[in-house]
Amino acid sequence: MKELGKGVIMTDKQAILVRHSVRKYRSVRIADNLVAQLKAKIDELNAAGNLHLQFVEDAGKAYGNLIYRAVGLISAPSIIVCVGEDTADLDERVGYYGEKLVLFAQTLGLNTCWTGTFNKKAVAVDVKPGERVVLAIAIGYGVDQGKDRKSKTYEQVTEVAGTAPDWFKEGVKAALLAPTALNEQKFMIKYNADDTVSLETKGGGLTKIDLGIVKCHFEIGAGREF
């Protein structure tokens with residue numbers, strides 16, 4: 001958790017509650033002290049997740065195509081490019097650790113948006129042999145803080161054997177606030193008879209990335225790992 005001036009503390013749980021996808025940004029570069037904290041967090045997450053996440057201060061024309069111009073993403077001052085060793089679990093690792101970074105950015109007073117595509121040729125990215133660029137995260141100071149979106153219910157995304165404990169319910173509550181592709185929330189969280197939890201997907205685009213993001217949220221809400 002981070003201290004945000006005047007003694008106010010924002011935890012990851014609080015970041016989940018207030019964070020929304022933001023597509024329009026102020027034309028202001030991110031403050032140097034925040035960039036330093038972002039880079040330190042990226043180093044930490046890269047080590048933990050065997051990733052090669054990269055902060056690119058000048059997003060340039062990464063969001064220059066017509067679709068992104070239409071929604072305003074062209075205004076994003078900076079970008080985090082998600083890269084890693086091209087293994088079977090890369091997408092899920094990017095979702096899991098990338099969302100940790102997104103929530104950390106929220107505690108710093110920054111806004112973000114997961115973006116499935118961007119102009120890779122317009123951004124200087126270091127991709128080593130055996131690595132793959134997955135997607136990117138726009139980051140900066142939003143014109144606003146985004147808005148709430150329609151969500152499925154607890155009952156629609158869970159299967160419970162017996163009676164679910166409170167920690168499971170809190171985990172699901174946080175998972176329902178996780179960003180997913182097209183806000184489709186194509187996941188199912190199961191509470192098993194042996195007091196374990198399993199997470200499954202119903203398919204769809206960017207499914208494995210979504211699973212990583214949902215897993216991150218659930219663990220924060222539940223206060224325990226899968």
# chains A, B, ... in the order shown; residues from 1 in each chain; ligands from 1
$ closest_atom_pairs --of "region 98-148 of chain A" --to "region 174-188 of chain A" --cutoff "9 Å" --atoms "only C-alpha atoms" --output "CSV"
residue,atom,partner,partner_atom,distance
A:Glu99,CA,A:Ala178,CA,8.8
A:Trp114,CA,A:Pro179,CA,8.1
A:Gly116,CA,A:Ala181,CA,8.3
$ residues_around --residues "Lys41 (chain A)" --least-positions-apart "3" --cutoff "10 Å" --atoms "only C-alpha atoms" --output "PDB file with C-alpha atoms, in the first residue's frame"
ATOM      1  CA  VAL A  35       8.067   7.082 -12.703  1.00  0.00           C
ATOM      2  CA  ALA A  36      10.835   5.933 -10.358  1.00  0.00           C
ATOM      3  CA  GLN A  37       8.309   4.077  -8.194  1.00  0.00           C
ATOM      4  CA  LEU A  38       6.682   2.491 -11.236  1.00  0.00           C
ATOM      5  CA  GLU A  44       9.875  -6.451  -8.618  1.00  0.00           C
ATOM      6  CA  LEU A  45       7.040  -7.923 -10.691  1.00  0.00           C
ATOM      7  CA  ASN A  46       9.317  -8.954 -13.529  1.00  0.00           C
ATOM      8  CA  ALA A  47      11.397 -10.946 -11.077  1.00  0.00           C
ATOM      9  CA  LYS A 100      -0.808  -5.878  -9.729  1.00  0.00           C
ATOM     10  CA  LEU A 101       0.987  -3.069 -11.534  1.00  0.00           C
ATOM     11  CA  PHE A 104      -0.160  -0.076  -7.784  1.00  0.00           C
ATOM     12  CA  ALA A 105      -0.450   2.738 -10.323  1.00  0.00           C
TER      13      ALA A 105
END
$ closest_residue --among "A:Val94, A:Ala48, A:Leu110, A:Val28" --to "Val214 (chain A)" --atoms "only C-alpha atoms"
A:Val94
$ closest_residue --among "A:Leu34, A:Ile80, A:Leu108, A:Val143" --to "Lys120 (chain A)" --atoms "only C-alpha atoms"
A:Ile80
$ residues_around --residues "region 50-54 of chain A" --least-positions-apart "4" --cutoff "9 Å" --atoms "only C-alpha atoms" --output "ChimeraX atom specification"
/A:39,42-43,45-46,79-85,90,93-94,97-98,125-127,131
$ select_by_dssp --residues "chain A" --states "strand (DSSP E or B)" --output "mmCIF file with N, CA and C atoms, in the first residue's frame"
data_model
loop_
_atom_site.group_PDB
_atom_site.id
_atom_site.type_symbol
_atom_site.label_atom_id
_atom_site.label_comp_id
_atom_site.auth_asym_id
_atom_site.auth_seq_id
_atom_site.Cartn_x
_atom_site.Cartn_y
_atom_site.Cartn_z
ATOM 1 N N LYS A 2 0.321 2.378 -0.511
ATOM 2 C CA LYS A 2 1.076 3.608 -0.630
ATOM 3 C C LYS A 2 0.411 4.720 0.154
ATOM 4 N N GLU A 3 1.263 5.661 0.641
ATOM 5 C CA GLU A 3 0.763 6.844 1.332
ATOM 6 C C GLU A 3 0.578 7.946 0.310
ATOM 7 N N ILE A 9 -3.891 6.629 3.297
ATOM 8 C CA ILE A 9 -3.335 5.379 2.816
ATOM 9 C C ILE A 9 -4.344 4.683 1.898
ATOM 10 N N MET A 10 -3.905 4.256 0.722
ATOM 11 C CA MET A 10 -4.751 3.461 -0.153
ATOM 12 C C MET A 10 -4.187 2.048 -0.234
ATOM 13 N N TYR A 25 -6.731 11.116 -21.429
ATOM 14 C CA TYR A 25 -5.703 11.555 -20.486
ATOM 15 C C TYR A 25 -5.333 13.023 -20.678
ATOM 16 N N LEU A 51 8.858 -12.061 -16.140
ATOM 17 C CA LEU A 51 8.333 -11.242 -17.221
ATOM 18 C C LEU A 51 9.346 -10.179 -17.640
ATOM 19 N N GLN A 54 7.752 -3.425 -19.523
ATOM 20 C CA GLN A 54 8.592 -2.260 -19.791
ATOM 21 C C GLN A 54 7.774 -0.976 -19.781
ATOM 22 N N PHE A 55 8.241 -0.001 -19.025
ATOM 23 C CA PHE A 55 7.610 1.317 -18.994
ATOM 24 C C PHE A 55 8.240 2.175 -20.084
ATOM 25 N N VAL A 56 7.393 2.684 -20.974
ATOM 26 C CA VAL A 56 7.855 3.577 -22.035
ATOM 27 C C VAL A 56 7.243 4.935 -21.766
ATOM 28 N N SER A 78 1.982 7.831 -21.639
ATOM 29 C CA SER A 78 2.955 6.747 -21.458
ATOM 30 C C SER A 78 2.281 5.395 -21.648
ATOM 31 N N ILE A 79 3.108 4.364 -21.712
ATOM 32 C CA ILE A 79 2.594 3.028 -21.985
ATOM 33 C C ILE A 79 3.469 1.995 -21.283
ATOM 34 N N ILE A 80 2.845 0.938 -20.806
ATOM 35 C CA ILE A 80 3.572 -0.206 -20.248
ATOM 36 C C ILE A 80 3.378 -1.362 -21.218
ATOM 37 N N VAL A 81 4.460 -1.824 -21.802
ATOM 38 C CA VAL A 81 4.387 -2.916 -22.766
ATOM 39 C C VAL A 81 4.643 -4.229 -22.035
ATOM 40 N N CYS A 82 3.738 -5.179 -22.227
ATOM 41 C CA CYS A 82 3.801 -6.453 -21.515
ATOM 42 C C CYS A 82 4.469 -7.511 -22.391
ATOM 43 N N VAL A 83 5.665 -7.896 -22.004
ATOM 44 C CA VAL A 83 6.497 -8.824 -22.753
ATOM 45 C C VAL A 83 6.943 -9.936 -21.807
ATOM 46 N N GLY A 84 7.166 -11.121 -22.347
ATOM 47 C CA GLY A 84 7.687 -12.188 -21.507
ATOM 48 C C GLY A 84 8.084 -13.390 -22.332
ATOM 49 N N GLU A 85 8.741 -14.333 -21.678
ATOM 50 C CA GLU A 85 9.136 -15.568 -22.344
ATOM 51 C C GLU A 85 7.888 -16.279 -22.854
ATOM 52 N N ASN A 111 -3.919 6.734 -13.661
ATOM 53 C CA ASN A 111 -5.003 5.991 -14.291
ATOM 54 C C ASN A 111 -4.444 5.099 -15.393
ATOM 55 N N THR A 112 -5.180 4.042 -15.711
ATOM 56 C CA THR A 112 -4.689 3.054 -16.660
ATOM 57 C C THR A 112 -5.822 2.503 -17.519
ATOM 58 N N CYS A 113 -5.422 1.830 -18.602
ATOM 59 C CA CYS A 113 -6.375 1.112 -19.437
ATOM 60 C C CYS A 113 -5.640 -0.037 -20.125
ATOM 61 N N TRP A 114 -6.125 -1.261 -19.926
ATOM 62 C CA TRP A 114 -5.597 -2.412 -20.654
ATOM 63 C C TRP A 114 -5.981 -2.265 -22.122
ATOM 64 N N THR A 115 -5.033 -2.473 -23.034
ATOM 65 C CA THR A 115 -5.334 -2.355 -24.465
ATOM 66 C C THR A 115 -4.828 -3.595 -25.196
ATOM 67 N N GLU A 131 10.956 -14.343 -26.603
ATOM 68 C CA GLU A 131 9.938 -13.545 -25.924
ATOM 69 C C GLU A 131 8.831 -13.144 -26.901
ATOM 70 N N ARG A 132 7.700 -12.752 -26.325
ATOM 71 C CA ARG A 132 6.559 -12.306 -27.124
ATOM 72 C C ARG A 132 5.920 -11.079 -26.492
ATOM 73 N N VAL A 133 5.526 -10.120 -27.323
ATOM 74 C CA VAL A 133 4.756 -8.971 -26.859
ATOM 75 C C VAL A 133 3.298 -9.403 -26.776
ATOM 76 N N VAL A 134 2.691 -9.251 -25.610
ATOM 77 C CA VAL A 134 1.311 -9.707 -25.413
ATOM 78 C C VAL A 134 0.325 -8.578 -25.683
ATOM 79 N N LEU A 135 0.442 -7.515 -24.932
ATOM 80 C CA LEU A 135 -0.417 -6.338 -25.092
ATOM 81 C C LEU A 135 0.214 -5.176 -24.348
ATOM 82 N N ALA A 136 -0.559 -4.124 -24.105
ATOM 83 C CA ALA A 136 -0.002 -2.950 -23.438
ATOM 84 C C ALA A 136 -1.024 -2.341 -22.485
ATOM 85 N N ILE A 137 -0.527 -1.491 -21.614
ATOM 86 C CA ILE A 137 -1.371 -0.769 -20.657
ATOM 87 C C ILE A 137 -1.089 0.714 -20.816
ATOM 88 N N ALA A 138 -2.107 1.487 -21.172
ATOM 89 C CA ALA A 138 -1.968 2.946 -21.233
ATOM 90 C C ALA A 138 -1.943 3.479 -19.810
ATOM 91 N N ILE A 139 -1.129 4.513 -19.566
ATOM 92 C CA ILE A 139 -1.013 5.029 -18.202
ATOM 93 C C ILE A 139 -0.748 6.527 -18.213
ATOM 94 N N GLY A 140 -1.332 7.223 -17.254
ATOM 95 C CA GLY A 140 -1.135 8.662 -17.140
ATOM 96 C C GLY A 140 -2.144 9.259 -16.170
ATOM 97 N N GLY A 142 -5.680 10.727 -15.835
ATOM 98 C CA GLY A 142 -6.924 10.741 -16.582
ATOM 99 C C GLY A 142 -7.640 12.085 -16.551
ATOM 100 N N THR A 158 -20.253 -18.141 -9.876
ATOM 101 C CA THR A 158 -19.768 -19.078 -8.852
ATOM 102 C C THR A 158 -20.477 -20.423 -8.907
ATOM 103 N N GLU A 159 -19.745 -21.433 -8.473
ATOM 104 C CA GLU A 159 -20.304 -22.753 -8.181
ATOM 105 C C GLU A 159 -19.775 -23.140 -6.809
ATOM 106 N N VAL A 160 -20.670 -23.449 -5.890
ATOM 107 C CA VAL A 160 -20.270 -23.653 -4.501
ATOM 108 C C VAL A 160 -20.699 -25.026 -4.014
ATOM 109 N N PHE A 187 -15.830 -16.041 -16.765
ATOM 110 C CA PHE A 187 -15.097 -16.882 -15.829
ATOM 111 C C PHE A 187 -16.059 -17.498 -14.820
ATOM 112 N N MET A 188 -15.594 -18.578 -14.199
ATOM 113 C CA MET A 188 -16.364 -19.255 -13.166
ATOM 114 C C MET A 188 -15.432 -19.569 -12.003
ATOM 115 N N ILE A 189 -15.814 -19.153 -10.813
ATOM 116 C CA ILE A 189 -15.017 -19.400 -9.619
ATOM 117 C C ILE A 189 -15.730 -20.457 -8.780
ATOM 118 N N LYS A 190 -15.021 -21.542 -8.502
ATOM 119 C CA LYS A 190 -15.638 -22.666 -7.800
ATOM 120 C C LYS A 190 -15.064 -22.831 -6.396
ATOM 121 N N TYR A 191 -15.958 -22.973 -5.438
ATOM 122 C CA TYR A 191 -15.544 -23.323 -4.083
ATOM 123 C C TYR A 191 -15.765 -24.815 -3.927
ATOM 124 N N VAL A 197 -10.176 -23.503 -3.981
ATOM 125 C CA VAL A 197 -10.859 -22.703 -4.998
ATOM 126 C C VAL A 197 -10.258 -23.016 -6.356
ATOM 127 N N SER A 198 -11.087 -23.104 -7.370
ATOM 128 C CA SER A 198 -10.604 -23.269 -8.739
ATOM 129 C C SER A 198 -11.256 -22.220 -9.627
ATOM 130 N N LEU A 199 -10.524 -21.823 -10.650
ATOM 131 C CA LEU A 199 -10.973 -20.772 -11.551
ATOM 132 C C LEU A 199 -10.969 -21.314 -12.968
ATOM 133 N N GLU A 200 -12.092 -21.185 -13.648
ATOM 134 C CA GLU A 200 -12.205 -21.693 -15.014
ATOM 135 C C GLU A 200 -12.713 -20.603 -15.943
ATOM 136 N N THR A 201 -12.482 -20.809 -17.229
ATOM 137 C CA THR A 201 -12.939 -19.853 -18.224
ATOM 138 C C THR A 201 -14.009 -20.464 -19.104
#
$ residues_around --residues "Tyr68 (chain A)" --least-positions-apart "3" --cutoff "12 Å" --atoms "only C-alpha atoms" --output "tab-separated table (two decimals) with N, CA and C atoms, in the first residue's frame"
chain	number	residue	atom	x	y	z
A	23	ARG	N	-9.73	6.16	-20.69
A	23	ARG	CA	-9.26	6.23	-22.07
A	23	ARG	C	-8.85	7.61	-22.52
A	24	LYS	N	-9.15	8.63	-21.72
A	24	LYS	CA	-8.76	9.99	-22.09
A	24	LYS	C	-7.88	10.57	-21.00
A	61	LYS	N	2.99	7.38	-30.92
A	61	LYS	CA	1.83	7.05	-31.75
A	61	LYS	C	1.36	5.62	-31.52
A	62	ALA	N	1.62	5.13	-30.32
A	62	ALA	CA	1.21	3.75	-30.01
A	62	ALA	C	-0.28	3.56	-30.21
A	63	TYR	N	-1.07	4.61	-29.96
A	63	TYR	CA	-2.51	4.53	-30.11
A	63	TYR	C	-2.99	5.47	-31.21
A	64	GLY	N	-2.28	5.46	-32.32
A	64	GLY	CA	-2.57	6.39	-33.40
A	64	GLY	C	-3.62	5.92	-34.39
A	65	ASN	N	-4.04	4.65	-34.32
A	65	ASN	CA	-5.00	4.20	-35.34
A	65	ASN	C	-6.40	4.75	-35.04
A	71	VAL	N	-11.77	6.64	-29.31
A	71	VAL	CA	-12.07	6.53	-27.88
A	71	VAL	C	-11.16	7.41	-27.03
A	72	GLY	N	-10.19	8.09	-27.65
A	72	GLY	CA	-9.37	9.04	-26.92
A	72	GLY	C	-8.04	8.54	-26.43
A	73	LEU	N	-7.71	7.26	-26.65
A	73	LEU	CA	-6.47	6.70	-26.11
A	73	LEU	C	-5.21	7.34	-26.69
A	74	ILE	N	-5.35	8.03	-27.82
A	74	ILE	CA	-4.20	8.70	-28.40
A	74	ILE	C	-3.60	9.71	-27.43
A	75	SER	N	-4.39	10.12	-26.44
A	75	SER	CA	-3.92	11.12	-25.47
A	75	SER	C	-3.05	10.52	-24.37
A	76	ALA	N	-2.96	9.18	-24.27
A	76	ALA	CA	-2.17	8.56	-23.20
A	76	ALA	C	-0.71	8.97	-23.32
A	113	CYS	N	-5.42	1.83	-18.60
A	113	CYS	CA	-6.38	1.11	-19.44
A	113	CYS	C	-5.64	-0.04	-20.13
A	115	THR	N	-5.03	-2.47	-23.03
A	115	THR	CA	-5.33	-2.35	-24.46
A	115	THR	C	-4.83	-3.59	-25.20
A	116	GLY	N	-5.74	-4.27	-25.89
A	116	GLY	CA	-5.39	-5.53	-26.53
A	116	GLY	C	-4.44	-5.40	-27.70
A	117	THR	N	-4.48	-4.25	-28.39
A	117	THR	CA	-3.57	-4.02	-29.51
A	117	THR	C	-3.01	-2.60	-29.42
A	118	PHE	N	-1.89	-2.39	-30.07
A	118	PHE	CA	-1.31	-1.07	-30.19
A	118	PHE	C	-0.29	-1.14	-31.32
A	119	ASN	N	0.19	0.01	-31.76
A	119	ASN	CA	1.15	0.06	-32.86
A	119	ASN	C	2.55	-0.25	-32.33
A	138	ALA	N	-2.11	1.49	-21.17
A	138	ALA	CA	-1.97	2.95	-21.23
A	138	ALA	C	-1.94	3.48	-19.81
$ atom_distance --atom1 "CA of Lys152 (chain A)" --atom2 "CA of Ala70 (chain A)"
27.4 Å
$ atom_distance --atom1 "CA of Glu170 (chain A)" --atom2 "CA of Gly221 (chain A)"
5.2 Å
$ closest_residue --among "A:Ala193, A:Leu211, A:Ala164, A:Val18" --to "Asp144 (chain A)" --atoms "only C-alpha atoms"
A:Val18
